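**Q** See final20.cif below, with mmCIF, C-alpha atoms.
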data_my_file
loop_
_atom_site.label_atom_id
_atom_site.label_comp_id
_atom_site.auth_asym_id
_atom_site.auth_seq_id
_atom_site.Cartn_x
_atom_site.Cartn_y
_atom_site.Cartn_z
CA MET W 1 92.35 80.15 80.46
CA SER W 2 94.97 77.46 80.83
CA PRO W 3 93.97 73.94 81.98
CA GLU W 4 95.73 74.42 85.32
CA ALA W 5 93.14 76.99 86.36
CA LYS W 6 90.39 74.38 86.18
CA THR W 7 92.06 71.97 88.58
CA ASP W 8 94.28 74.07 90.84
CA LYS W 9 92.71 74.06 94.30
CA ASN W 10 95.20 76.53 95.73
CA ALA W 11 94.85 79.44 93.34
CA ILE W 12 94.98 83.13 94.17
CA TYR W 13 92.46 85.40 92.41
CA TRP W 14 93.78 88.95 92.18
CA GLY W 15 91.56 91.64 90.73
CA ASN W 16 92.61 94.89 89.11
CA TYR W 17 90.14 97.78 89.30
CA ASP W 18 91.88 99.90 86.66
CA THR W 19 92.25 97.20 83.99
CA SER W 20 88.98 95.35 84.81
CA THR W 21 90.71 91.99 85.04
CA ILE W 22 91.12 89.08 87.43
CA THR W 23 94.48 87.33 87.17
CA ILE W 24 94.78 83.82 88.60
CA TYR W 25 98.02 82.57 90.14
CA SER W 26 99.19 79.33 91.67
CA ALA W 27 99.60 79.69 95.42
CA LYS W 28 102.71 77.50 95.32
CA GLY W 29 105.88 79.33 96.31
CA VAL W 30 106.50 83.05 95.86
CA ASN W 31 105.27 84.69 92.63
CA GLY W 32 103.73 81.41 91.50
CA LYS W 33 102.76 80.53 87.95
CA GLU W 34 100.09 82.61 86.23
CA LEU W 35 97.17 80.28 85.45
CA GLY W 36 94.84 82.53 83.49
CA GLN W 37 92.92 85.78 83.37
CA ILE W 38 89.27 86.85 83.32
CA SER W 39 88.14 90.11 81.71
CA THR W 40 84.75 89.50 80.05
CA GLY W 41 81.92 91.09 82.01
CA LEU W 42 84.20 92.90 84.46
CA ASN W 43 83.92 96.66 84.94
CA ASN W 44 86.06 98.11 87.73
CA PRO W 45 85.84 95.08 90.05
CA GLU W 46 85.81 96.03 93.74
CA ARG W 47 85.63 92.72 95.65
CA LEU W 48 86.00 89.00 94.83
CA PHE W 49 84.83 85.74 96.37
CA VAL W 50 85.39 82.10 95.37
CA ASP W 51 82.63 79.73 96.50
CA LYS W 52 82.83 76.06 97.52
CA ASP W 53 82.47 74.93 93.87
CA GLY W 54 85.35 77.11 92.71
CA SER W 55 83.14 79.72 91.05
CA VAL W 56 84.48 83.26 91.33
CA TYR W 57 82.16 86.22 91.97
CA ALA W 58 83.02 89.88 91.39
CA THR W 59 81.28 93.15 92.26
CA ASN W 60 81.61 95.61 89.37
CA ILE W 61 81.17 99.16 90.55
CA GLY W 62 81.73 100.48 87.03
CA ASN W 63 78.41 99.16 85.70
CA ASN W 64 76.50 98.15 88.86
CA THR W 65 76.62 94.39 88.39
CA VAL W 66 77.83 91.23 90.05
CA THR W 67 79.27 88.64 87.68
CA ALA W 68 80.05 85.00 88.45
CA TYR W 69 82.33 82.58 86.57
CA LYS W 70 82.47 78.80 86.80
CA ALA W 71 85.86 77.29 87.61
CA GLY W 72 88.00 77.53 84.49
CA ALA W 73 85.55 79.78 82.61
CA THR W 74 86.19 83.31 81.35
CA THR W 75 82.61 84.33 80.56
CA PRO W 76 80.00 84.79 83.31
CA PHE W 77 77.31 82.19 83.94
CA LEU W 78 75.44 84.67 86.15
CA THR W 79 75.03 88.45 86.03
CA ILE W 80 73.09 90.31 88.74
CA SER W 81 72.02 93.90 88.22
CA THR W 82 68.66 94.28 90.00
CA GLY W 83 69.17 95.95 93.37
CA ILE W 84 72.84 96.62 92.69
CA ASP W 85 73.91 100.22 93.33
CA GLY W 86 77.60 100.95 93.85
CA PRO W 87 78.55 97.36 94.78
CA THR W 88 81.59 96.82 96.99
CA GLY W 89 81.39 94.16 99.72
CA LEU W 90 80.66 90.59 98.63
CA THR W 91 80.33 87.16 100.21
CA VAL W 92 78.72 83.83 99.28
CA ASP W 93 77.59 81.30 101.87
CA ALA W 94 77.69 77.50 101.63
CA ALA W 95 74.15 77.39 100.19
CA GLY W 96 75.19 79.71 97.35
CA THR W 97 73.40 82.77 98.72
CA VAL W 98 75.09 85.93 97.45
CA TYR W 99 75.32 89.03 99.67
CA VAL W 100 76.28 92.42 98.20
CA ALA W 101 77.02 95.71 99.95
CA ASN W 102 75.83 98.70 97.90
CA VAL W 103 77.55 101.93 98.95
CA ASP W 104 75.48 104.24 96.75
CA SER W 105 72.19 103.19 98.35
CA ASP W 106 73.53 102.13 101.78
CA THR W 107 71.98 98.69 101.44
CA ILE W 108 72.93 95.02 101.57
CA THR W 109 71.06 92.86 99.07
CA GLU W 110 70.68 89.08 99.39
CA TYR W 111 70.26 86.76 96.39
CA PRO W 112 69.38 83.07 96.72
CA LYS W 113 71.58 80.75 94.67
CA GLY W 114 71.19 81.38 90.94
CA LYS W 115 68.70 84.23 91.40
CA THR W 116 69.12 87.74 90.00
CA SER W 117 66.49 89.54 92.10
CA PRO W 118 67.04 90.18 95.82
CA SER W 119 65.03 88.23 98.38
CA ILE W 120 66.00 90.63 101.19
CA THR W 121 67.26 94.20 101.31
CA ILE W 122 68.94 95.47 104.48
CA ASP W 123 69.42 99.16 105.20
CA ALA W 124 73.10 99.32 106.11
CA ALA W 125 76.12 101.46 105.22
CA ALA W 126 78.69 98.69 104.78
CA GLU W 127 81.63 97.97 102.49
CA TYR W 128 82.77 94.53 103.72
CA LEU W 129 80.79 91.35 104.42
CA ALA W 130 81.31 87.82 105.76
CA THR W 131 79.22 84.87 106.98
CA ASP W 132 79.81 82.31 109.73
CA ALA W 133 79.14 78.59 110.23
CA ASN W 134 75.55 79.32 111.29
CA ASP W 135 74.86 81.48 108.21
CA ASN W 136 74.84 84.71 110.19
CA LEU W 137 75.90 87.74 108.16
CA TYR W 138 78.56 90.17 109.40
CA ALA W 139 78.92 93.68 107.99
CA ALA W 140 81.67 96.22 108.63
CA GLU W 141 79.65 99.32 109.46
CA TYR W 142 81.72 102.10 110.98
CA PRO W 143 82.56 102.19 113.86
CA SER W 144 82.03 98.46 114.49
CA ILE W 145 80.69 95.19 113.09
CA GLU W 146 76.97 94.41 112.77
CA LYS W 147 75.69 90.83 112.95
CA TYR W 148 72.51 89.76 111.14
CA ALA W 149 70.77 86.43 111.72
CA LYS W 150 69.97 84.52 108.52
CA GLY W 151 66.97 86.16 106.84
CA SER W 152 66.87 89.13 109.23
CA THR W 153 67.00 92.79 108.23
CA SER W 154 67.81 93.96 111.78
CA GLY W 155 71.40 93.77 112.96
CA THR W 156 73.07 93.72 116.36
CA SER W 157 76.19 95.77 117.01
CA LEU W 158 79.01 93.61 118.35
CA ALA W 159 80.66 96.68 119.93
CA LEU W 160 84.12 95.47 118.97
CA ALA W 161 87.06 97.59 120.10
CA LEU W 162 88.04 98.87 116.66
CA GLY W 163 89.22 102.14 115.20
CA SER W 164 87.85 101.70 111.67
CA PRO W 165 86.65 98.23 110.58
CA GLY W 166 87.58 97.10 107.07
CA ALA W 167 87.78 93.71 105.38
CA LEU W 168 86.70 90.79 107.55
CA GLU W 169 86.39 87.00 107.72
CA VAL W 170 84.93 84.60 110.30
CA ASP W 171 86.71 81.31 111.03
CA THR W 172 85.19 77.92 111.86
CA ASN W 173 85.24 78.72 115.59
CA GLY W 174 83.43 82.02 115.18
CA THR W 175 86.54 84.19 115.59
CA ILE W 176 86.16 87.43 113.65
CA ILE W 177 89.26 88.47 111.71
CA VAL W 178 89.12 92.13 110.72
CA LEU W 179 91.45 94.73 109.24
CA ASP W 180 91.52 97.79 111.46
CA GLU W 181 92.13 100.46 108.85
CA SER W 182 92.99 103.09 111.43
CA ASN W 183 96.04 101.09 112.58
CA ASN W 184 96.78 98.96 109.50
CA ASP W 185 96.66 95.77 111.55
CA LEU W 186 94.71 92.51 111.67
CA ASP W 187 92.64 91.99 114.83
CA TYR W 188 91.31 88.61 116.02
CA PHE W 189 88.11 88.70 118.09
CA PRO W 190 87.12 85.30 119.57
CA ALA W 191 83.39 84.58 119.49
CA GLY W 192 81.57 86.67 122.08
CA LYS W 193 84.57 88.88 122.89
CA THR W 194 84.79 92.61 122.27
CA SER W 195 88.55 92.98 122.70
CA PRO W 196 91.06 91.37 120.31
CA SER W 197 93.02 88.33 121.45
CA LYS W 198 95.74 89.20 118.93
CA GLN W 199 96.76 92.14 116.77
CA ILE W 200 99.10 91.66 113.80
CA ALA W 201 100.89 94.67 112.33
CA VAL W 202 100.55 94.53 108.54
CA GLY W 203 102.26 97.71 107.39
CA GLY W 204 101.64 99.53 104.13
CA PHE W 205 97.97 100.18 103.36
CA PRO W 206 96.09 96.85 103.47
CA PHE W 207 92.72 96.64 101.71
CA GLY W 208 91.37 93.11 101.24
CA ILE W 209 91.76 89.78 103.03
CA ALA W 210 90.78 86.19 102.23
CA LEU W 211 90.84 83.22 104.62
CA SER W 212 91.57 79.80 103.14
CA LYS W 213 89.01 77.03 103.53
CA ASN W 214 91.26 75.06 105.89
CA ASN W 215 91.56 78.19 108.05
CA LYS W 216 95.37 78.03 107.92
CA GLN W 217 96.26 81.00 105.72
CA ILE W 218 95.14 84.61 105.44
CA TYR W 219 95.85 86.41 102.16
CA ILE W 220 96.15 90.21 102.19
CA SER W 221 96.17 92.71 99.33
CA ASN W 222 98.38 95.57 100.39
CA SER W 223 99.39 98.85 98.80
CA GLU W 224 103.15 99.26 98.97
CA GLY W 225 103.71 102.75 97.65
CA SER W 226 102.86 102.90 93.95
CA TYR W 227 101.75 99.28 93.53
CA PHE W 228 100.02 96.39 95.30
CA ILE W 229 101.38 93.12 96.62
CA VAL W 230 99.73 90.01 98.01
CA GLN W 231 100.88 88.85 101.43
CA THR W 232 100.21 85.61 103.28
CA LEU W 233 99.98 85.08 107.03
CA SER W 234 99.83 81.73 108.84
CA TYR W 235 96.63 81.52 110.88
CA PRO W 236 96.14 81.67 113.79
CA ASN W 237 99.71 81.63 115.11
CA GLY W 238 101.55 83.65 112.46
CA LYS W 239 103.31 86.73 113.74
CA ALA W 240 103.96 88.70 110.55
CA PRO W 241 102.81 88.55 106.90
CA LYS W 242 105.18 87.50 104.10
CA THR W 243 105.14 88.58 100.47
CA LYS W 244 103.38 86.08 98.19
CA LEU W 245 102.92 88.02 94.94
CA SER W 246 104.79 91.13 93.86
CA THR W 247 104.03 91.03 90.13
CA ASN W 248 102.36 94.48 90.10
CA VAL W 249 99.38 93.04 88.22
CA GLY W 250 96.53 93.29 90.74
CA GLY W 251 95.01 95.77 93.16
CA TRP W 252 92.81 95.55 96.21
CA PRO W 253 90.32 92.78 95.23
CA ILE W 254 91.60 89.39 96.43
CA SER W 255 90.25 85.87 96.91
CA VAL W 256 91.56 82.31 97.04
CA ASN W 257 90.31 78.92 95.88
CA PRO W 258 88.98 77.47 98.00
CA ASN W 259 87.87 80.46 100.06
CA ASN W 260 86.53 80.18 103.59
CA VAL W 261 82.97 79.02 102.84
CA LEU W 262 81.01 78.18 105.96
CA GLY W 263 77.39 77.28 106.65
CA LYS W 264 75.07 74.39 107.25
#
Could you express the structure from this file as structure tokens?
**A**
Amino acid sequence: MSPEAKTDKNAIYWGNYDTSTITIYSAKGVNGKELGQISTGLNNPERLFVDKDGSVYATNIGNNTVTAYKAGATTPFLTISTGIDGPTGLTVDAAGTVYVANVDSDTITEYPKGKTSPSITIDAAAEYLATDANDNLYAAEYPSIEKYAKGSTSGTSLALALGSPGALEVDTNGTIIVLDESNNDLDYFPAGKTSPSKQIAVGGFPFGIALSKNNKQIYISNSEGSYFIVQTLSYPNGKAPKTKLSTNVGGWPISVNPNNVLGK
């Protein structure tokens, strides 16, 4: 990996399921400079997350693992396999706790920082996860979003007005940002509200989103016919996404450095 990847604090991490790679790009301009690529340890990566230290995590549905890479590294410093069963959704809180959604067992497993065995297992059919500033866990469980208090295995339905909840993030104010896959739009739900304050038409077939740490940009991986692009949308006042990457290298897994890492 090139030296820029170790120091660039505005990098885009774009995974490719078919080639089992993560390609890293500068977020400067359109189709920014390629900074490096990760392939070791990856096996059909489904979701990505970059934590507050710049480490990138990937769920590998091809071999039921989660692998994590220090900033600038191409070999994993951590591999989790215990409790992993069809891993898709992934998030890491500010304390380094890793949460994984396992679609083959309909569970969410929680791993304290640096640990490879789960401390908690939640029965939940989810594919997308996020945490908020109070370390609550949010899971997209059709037809709505479930909220779990830190350490709890029992969730509360937020009864959000959604068609089909997909990828989600939670901003510093507790607003839930979620892709409604039935309408291909982004919906913003202020804390405590069940109806969206804003809906942004995305177009195409959007899959993944990532909110920047400063809560000013949303990145979207979107299928445009036969290939994927990465779009960016100013948050919270942007009205339409713009193309950021159209290199035809990545797929649906997307993250940014730094990602939106909340918590106490």
**Q** When the PyMOL selection byres ((chain W and resi 17-31) around 10) is applied to the file above, which residues end up in the set, as a ChimeraX atom specification?
**A** /W:1,4-5,8-16,32-48,56,58,60-62,74,230-232,242-247,249-257
**Q** Which stretch 10-107 of chain W residues have any atom within 12 Å of an atom of stretch 149-170 of chain W, and for each, what is the nearest pair of atoms with distance in Å to one decimal, counting only C-alpha atoms, rows sorted by chain and number, as CSV?
**A**
residue,atom,partner,partner_atom,distance
W:Arg47,CA,W:Ala167,CA,10.0
W:Leu48,CA,W:Ala167,CA,11.7
W:Phe49,CA,W:Glu169,CA,11.5
W:Thr88,CA,W:Ala167,CA,10.9
W:Gly89,CA,W:Ala167,CA,8.5
W:Leu90,CA,W:Ala167,CA,10.3
W:Thr91,CA,W:Glu169,CA,9.7
W:Val92,CA,W:Glu169,CA,11.8
W:Asp93,CA,W:Lys150,CA,10.6
W:Ala95,CA,W:Lys150,CA,11.7
W:Thr97,CA,W:Lys150,CA,10.5
W:Tyr99,CA,W:Lys150,CA,11.3
W:Thr107,CA,W:Thr153,CA,10.3
**Q** Measure the distance from atom CA of W:Asn63 to atom CA of W:Thr109 in Å and round it to one decimal.
**A**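 Interatomic distance here is 16.5 Å.
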**Q** Restricting the calculation to all atoms listed in the file: of W:Ala133, W:Ala191, W:Thr59, W:Lys115, which residue gets closest to W:Ala101?
**A**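 Ranked by minimum distance to W:Ala101, first place goes to W:Thr59.
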**Q** When distances are computed from only C-alpha atoms, which of W:Pro206, W:Gly192, W:Pro118, W:Gly72 shows the smallest separation from W:Ile84?
**A**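 With only C-alpha atoms as the atom set, the closest residue is W:Pro118.
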**Q** Which of these residues is nearest to W:Tyr138, using all atoms listed in the file: W:Thr175, W:Ser119, W:Asn248, W:Ser197?
**A** W:Thr175
**Q** Please tell me which residues are no farther than 10 Å from (79.6, 82.6, 86.8) in the file, counting only C-alpha atoms, and write them as a VMD selection string.
**A** chain W and resid 54 to 58 66 to 71 73 to 79 114
**Q** Running the PyMOL selection byres ((chain W and resi 218) around 9) on this model by hand, what would come out? Give it as a short mmCIF file (atom, residue, chain, number, x, y, z; two decimals) with C-alpha atoms, keeping the file's coordinate frame.
**A**
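expr-v2.cif, freshly written:
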data_model
loop_
_atom_site.label_atom_id
_atom_site.label_comp_id
_atom_site.auth_asym_id
_atom_site.auth_seq_id
_atom_site.Cartn_x
_atom_site.Cartn_y
_atom_site.Cartn_z
CA ILE W 209 91.76 89.78 103.03
CA ALA W 210 90.78 86.19 102.23
CA LEU W 211 90.84 83.22 104.62
CA SER W 212 91.57 79.80 103.14
CA ASN W 215 91.56 78.19 108.05
CA LYS W 216 95.37 78.03 107.92
CA GLN W 217 96.26 81.00 105.72
CA TYR W 219 95.85 86.41 102.16
CA ILE W 220 96.15 90.21 102.19
CA GLN W 231 100.88 88.85 101.43
CA THR W 232 100.21 85.61 103.28
CA LEU W 233 99.98 85.08 107.03
CA SER W 234 99.83 81.73 108.84
CA TYR W 235 96.63 81.52 110.88
CA PRO W 236 96.14 81.67 113.79
CA PRO W 241 102.81 88.55 106.90
#
**Q** Interatomic distance between atom CA of W:Thr82 and atom CA of W:Thr65?
**A**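 The value is 8.1 Å.
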